[in-house]
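S.K.: The file below is coords00.pdb, PDB, C-alpha atoms:
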MODEL        1
ATOM      1  CA  MET H   1       0.000   0.000   0.000
ATOM      2  CA  ARG H   2       1.194   3.480  -0.888
ATOM      3  CA  LYS H   3      -0.195   6.943  -0.186
ATOM      4  CA  CYS H   4      -1.197   9.306  -2.992
ATOM      5  CA  VAL H   5       0.328  12.757  -2.400
ATOM      6  CA  GLY H   6      -2.739  14.371  -3.990
ATOM      7  CA  CYS H   7      -5.665  12.846  -2.081
ATOM      8  CA  ASN H   8      -3.711  11.215   0.794
ATOM      9  CA  GLU H   9      -5.541   7.910   0.322
ATOM     10  CA  MET H  10      -3.781   4.592   0.798
ATOM     11  CA  LYS H  11      -4.069   2.438  -2.329
ATOM     12  CA  PRO H  12      -2.339  -0.619  -3.759
ATOM     13  CA  LYS H  13       0.867   0.195  -5.598
ATOM     14  CA  THR H  14      -0.606  -1.059  -8.888
ATOM     15  CA  GLU H  15      -3.353   1.614  -8.830
ATOM     16  CA  LEU H  16      -0.878   4.494  -8.533
ATOM     17  CA  VAL H  17       1.706   6.175 -10.746
ATOM     18  CA  ARG H  18       5.207   6.765  -9.397
ATOM     19  CA  VAL H  19       6.726  10.183 -10.011
ATOM     20  CA  LEU H  20      10.486   9.974  -9.677
ATOM     21  CA  ARG H  21      13.283  12.471  -9.020
ATOM     22  CA  THR H  22      16.336  10.982 -10.666
ATOM     23  CA  VAL H  23      19.933  11.358  -9.558
ATOM     24  CA  GLU H  24      20.312  14.089 -12.211
ATOM     25  CA  ASP H  25      17.435  16.065 -10.561
ATOM     26  CA  THR H  26      14.954  15.508 -13.374
ATOM     27  CA  VAL H  27      11.340  14.552 -12.694
ATOM     28  CA  ILE H  28       9.844  11.664 -14.694
ATOM     29  CA  LEU H  29       7.063   9.082 -14.485
ATOM     30  CA  ASP H  30       8.475   5.719 -13.466
ATOM     31  CA  SER H  31       6.409   3.090 -15.258
ATOM     32  CA  THR H  32       8.587   0.228 -13.972
ATOM     33  CA  MET H  33       8.130   1.289 -10.296
ATOM     34  CA  ARG H  34      11.739   0.191  -9.713
ATOM     35  CA  ALA H  35      13.991   2.965 -10.995
ATOM     36  CA  ASN H  36      16.536   4.477  -8.616
ATOM     37  CA  GLY H  37      15.727   7.838  -7.117
ATOM     38  CA  ARG H  38      13.269   9.522  -4.782
ATOM     39  CA  GLY H  39       9.671   8.667  -5.594
ATOM     40  CA  ALA H  40       6.184   9.922  -4.842
ATOM     41  CA  TYR H  41       2.899   8.306  -5.793
ATOM     42  CA  LEU H  42      -0.165   9.799  -7.487
ATOM     43  CA  CYS H  43      -3.554   8.378  -8.435
ATOM     44  CA  LYS H  44      -4.074   7.991 -12.163
ATOM     45  CA  ASN H  45      -6.408  10.976 -12.438
ATOM     46  CA  GLU H  46      -6.101  14.657 -13.127
ATOM     47  CA  ALA H  47      -7.803  15.739  -9.892
ATOM     48  CA  CYS H  48      -5.011  14.298  -7.743
ATOM     49  CA  LEU H  49      -2.352  15.923  -9.920
ATOM     50  CA  ASN H  50      -4.135  19.285  -9.655
ATOM     51  CA  ARG H  51      -4.397  18.949  -5.869
ATOM     52  CA  ALA H  52      -0.729  17.977  -5.603
ATOM     53  CA  MET H  53       0.221  21.019  -7.700
ATOM     54  CA  LYS H  54      -1.949  23.386  -5.668
ATOM     55  CA  THR H  55      -0.646  22.209  -2.290
ATOM     56  CA  LYS H  56       2.930  21.695  -3.559
ATOM     57  CA  ALA H  57       2.773  18.137  -2.204
ATOM     58  CA  LEU H  58       4.936  16.758  -5.013
ATOM     59  CA  GLU H  59       7.580  19.408  -4.377
ATOM     60  CA  ARG H  60       7.685  18.499  -0.681
ATOM     61  CA  SER H  61       7.786  14.771  -1.369
ATOM     62  CA  LEU H  62      10.529  15.028  -3.975
ATOM     63  CA  LYS H  63      12.370  17.731  -2.003
ATOM     64  CA  MET H  64      12.894  20.020  -4.997
ATOM     65  CA  PRO H  65      11.034  22.798  -6.825
ATOM     66  CA  ILE H  66       9.172  21.551  -9.888
ATOM     67  CA  PRO H  67       8.849  23.851 -12.938
ATOM     68  CA  ALA H  68       5.436  24.349 -14.593
ATOM     69  CA  GLU H  69       6.562  22.640 -17.817
ATOM     70  CA  VAL H  70       7.307  19.447 -15.866
ATOM     71  CA  TYR H  71       3.764  19.504 -14.448
ATOM     72  CA  GLU H  72       2.396  19.899 -17.990
ATOM     73  CA  SER H  73       4.412  16.941 -19.265
ATOM     74  CA  LEU H  74       3.259  14.864 -16.264
ATOM     75  CA  ARG H  75      -0.341  15.800 -17.059
ATOM     76  CA  GLU H  76       0.091  14.734 -20.698
ATOM     77  CA  GLU H  77       1.689  11.424 -19.706
ATOM     78  CA  LEU H  78      -0.958  10.698 -17.055
ATOM     79  CA  MET H  79      -3.826  11.369 -19.432
ATOM     80  CA  ALA H  80      -2.338   9.247 -22.243
TER      81      ALA H  80
ENDMDL
END
Please express what this file holds, its structure, as structure tokens.
M.R.:
Amino acid sequence: MRKCVGCNEMKPKTELVRVLRTVEDTVILDSTMRANGRGAYLCKNEACLNRAMKTKALERSLKMPIPAEVYESLREELMA
């Protein structure tokens, strides 16, 4: 079980998407759920991403500021 940073609900790992801060300080979606780096989990819906953006929950979880263009690319990848 993992906690979504958007809605703070505990869900099985398979129902969530892992957002990863890599060693090079880039933010990506980790589809394998095994890549090295600091990770945070989000539900697979736009509402949780919007809530995480508004409350800066992803920034706190990944311990780095996240530019707006990264949020847009995350939104595109989540909705695909």
S.K.: Residues at most 12 Å from H:Asp30, counting only C-alpha atoms, excluding those fewer than 2 positions away in the same chain, as a list in words?
M.R.: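 After dropping sequence-adjacent residues, the list is Leu16, Val17, Arg18, Val19, Leu20, Arg21, Thr22, Thr26, Val27, Ile28, Thr32, Met33, Arg34, Ala35, Asn36, Gly37, Arg38, Gly39, Ala40, Tyr41, Leu42, Leu74, Glu77 and Leu78 of chain H.
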S.K.: Selected by the PyMOL selection byres ((chain H and resi 56-69) around 7) in the shown coordinates: which residues, as number ranges by chain?
M.R.: H: 5-6, 21, 38-40, 52-55, 70-73
S.K.: To one decimal in Å, tell me the separation between atom CA of H:Cys4 and atom CA of H:Cys43.
M.R.: 6.0 Å
S.K.: Could you tell me how far atom CA of H:Cys48 sits from atom CA of H:Met1, in Å to one decimal place?
M.R.: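 Value for the atom CA of H:Met1-atom CA of H:Cys48 distance: 17.0 Å.
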S.K.: How far is it from atom CA of H:Arg2 to atom CA of H:Arg51, in Å with one decimal?
M.R.: 17.2 Å
S.K.: Return the single residue from H:Val23, H:Cys7, H:Glu15, H:Leu29 that is closest to H:Asn50, with distances computed using only C-alpha atoms.
M.R.: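 The closest residue to H:Asn50 is H:Cys7.
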S.K.: Return the single residue from H:Glu24, H:Ala80, H:Leu49, H:Arg75 that is closest to H:Asn8, with distances computed using all atoms listed in the file.
M.R.: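 Counting all atoms listed in the file, the residue closest to H:Asn8 is H:Leu49.
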S.K.: Write out as JSON an axis-aligned box for stretch 13-27 of chain H: all of its atoms listed in the file, 5 Å added on each side, centre and edge lengths in Å with one decimal.
M.R.:
{"center_x": 8.5, "center_y": 7.5, "center_z": -9.5, "size_x": 33.7, "size_y": 27.1, "size_z": 17.8}
S.K.: Model the absent atoms of stretch 33-58 of chain H so that N, CA and C atoms are present, and write the result as an mmCIF file, in the coordinates of the input.
M.R.:
data_model
loop_
_atom_site.group_PDB
_atom_site.id
_atom_site.type_symbol
_atom_site.label_atom_id
_atom_site.label_comp_id
_atom_site.auth_asym_id
_atom_site.auth_seq_id
_atom_site.Cartn_x
_atom_site.Cartn_y
_atom_site.Cartn_z
ATOM 1 N N MET H 33 8.249 1.237 -11.762
ATOM 2 C CA MET H 33 8.130 1.289 -10.296
ATOM 3 C C MET H 33 9.387 0.783 -9.593
ATOM 4 N N ARG H 34 10.510 0.721 -10.307
ATOM 5 C CA ARG H 34 11.739 0.191 -9.713
ATOM 6 C C ARG H 34 12.969 1.063 -9.949
ATOM 7 N N ALA H 35 12.828 2.147 -10.670
ATOM 8 C CA ALA H 35 13.991 2.965 -10.995
ATOM 9 C C ALA H 35 14.563 3.601 -9.725
ATOM 10 N N ASN H 36 15.857 3.874 -9.761
ATOM 11 C CA ASN H 36 16.536 4.477 -8.616
ATOM 12 C C ASN H 36 16.211 5.958 -8.545
ATOM 13 N N GLY H 37 15.999 6.432 -7.347
ATOM 14 C CA GLY H 37 15.727 7.838 -7.117
ATOM 15 C C GLY H 37 14.656 7.991 -6.059
ATOM 16 N N ARG H 38 14.297 9.224 -5.782
ATOM 17 C CA ARG H 38 13.269 9.522 -4.782
ATOM 18 C C ARG H 38 11.911 9.530 -5.473
ATOM 19 N N GLY H 39 10.971 8.794 -4.950
ATOM 20 C CA GLY H 39 9.671 8.667 -5.594
ATOM 21 C C GLY H 39 8.522 9.169 -4.755
ATOM 22 N N ALA H 40 7.457 9.555 -5.459
ATOM 23 C CA ALA H 40 6.184 9.922 -4.842
ATOM 24 C C ALA H 40 5.095 9.291 -5.692
ATOM 25 N N TYR H 41 3.971 9.007 -5.090
ATOM 26 C CA TYR H 41 2.899 8.306 -5.793
ATOM 27 C C TYR H 41 1.688 9.205 -5.977
ATOM 28 N N LEU H 42 1.047 9.057 -7.153
ATOM 29 C CA LEU H 42 -0.165 9.799 -7.487
ATOM 30 C C LEU H 42 -1.205 8.845 -8.045
ATOM 31 N N CYS H 43 -2.474 9.123 -7.780
ATOM 32 C CA CYS H 43 -3.554 8.378 -8.435
ATOM 33 C C CYS H 43 -3.508 8.691 -9.927
ATOM 34 N N LYS H 44 -4.096 7.820 -10.715
ATOM 35 C CA LYS H 44 -4.074 7.991 -12.163
ATOM 36 C C LYS H 44 -5.214 8.888 -12.630
ATOM 37 N N ASN H 45 -5.390 10.036 -11.984
ATOM 38 C CA ASN H 45 -6.408 10.976 -12.438
ATOM 39 C C ASN H 45 -5.913 12.407 -12.305
ATOM 40 N N GLU H 46 -6.542 13.269 -13.056
ATOM 41 C CA GLU H 46 -6.101 14.657 -13.127
ATOM 42 C C GLU H 46 -6.387 15.419 -11.838
ATOM 43 N N ALA H 47 -7.443 15.036 -11.127
ATOM 44 C CA ALA H 47 -7.803 15.739 -9.892
ATOM 45 C C ALA H 47 -6.692 15.639 -8.847
ATOM 46 N N CYS H 48 -6.096 14.463 -8.720
ATOM 47 C CA CYS H 48 -5.011 14.298 -7.743
ATOM 48 C C CYS H 48 -3.772 15.091 -8.157
ATOM 49 N N LEU H 49 -3.488 15.128 -9.452
ATOM 50 C CA LEU H 49 -2.352 15.923 -9.920
ATOM 51 C C LEU H 49 -2.599 17.396 -9.646
ATOM 52 N N ASN H 50 -3.802 17.882 -9.917
ATOM 53 C CA ASN H 50 -4.135 19.285 -9.655
ATOM 54 C C ASN H 50 -4.007 19.617 -8.173
ATOM 55 N N ARG H 51 -4.479 18.718 -7.317
ATOM 56 C CA ARG H 51 -4.397 18.949 -5.869
ATOM 57 C C ARG H 51 -2.937 18.940 -5.408
ATOM 58 N N ALA H 52 -2.147 18.038 -5.964
ATOM 59 C CA ALA H 52 -0.729 17.977 -5.603
ATOM 60 C C ALA H 52 0.007 19.238 -6.063
ATOM 61 N N MET H 53 -0.390 19.774 -7.218
ATOM 62 C CA MET H 53 0.221 21.019 -7.700
ATOM 63 C C MET H 53 -0.163 22.189 -6.800
ATOM 64 N N LYS H 54 -1.440 22.264 -6.462
ATOM 65 C CA LYS H 54 -1.949 23.386 -5.668
ATOM 66 C C LYS H 54 -1.327 23.426 -4.274
ATOM 67 N N THR H 55 -1.187 22.261 -3.645
ATOM 68 C CA THR H 55 -0.646 22.209 -2.290
ATOM 69 C C THR H 55 0.871 22.026 -2.245
ATOM 70 N N LYS H 56 1.488 21.907 -3.437
ATOM 71 C CA LYS H 56 2.930 21.695 -3.559
ATOM 72 C C LYS H 56 3.377 20.400 -2.881
ATOM 73 N N ALA H 57 2.478 19.414 -2.851
ATOM 74 C CA ALA H 57 2.773 18.137 -2.204
ATOM 75 C C ALA H 57 3.875 17.376 -2.928
ATOM 76 N N LEU H 58 3.874 17.434 -4.268
ATOM 77 C CA LEU H 58 4.936 16.758 -5.013
ATOM 78 C C LEU H 58 6.283 17.397 -4.736
#
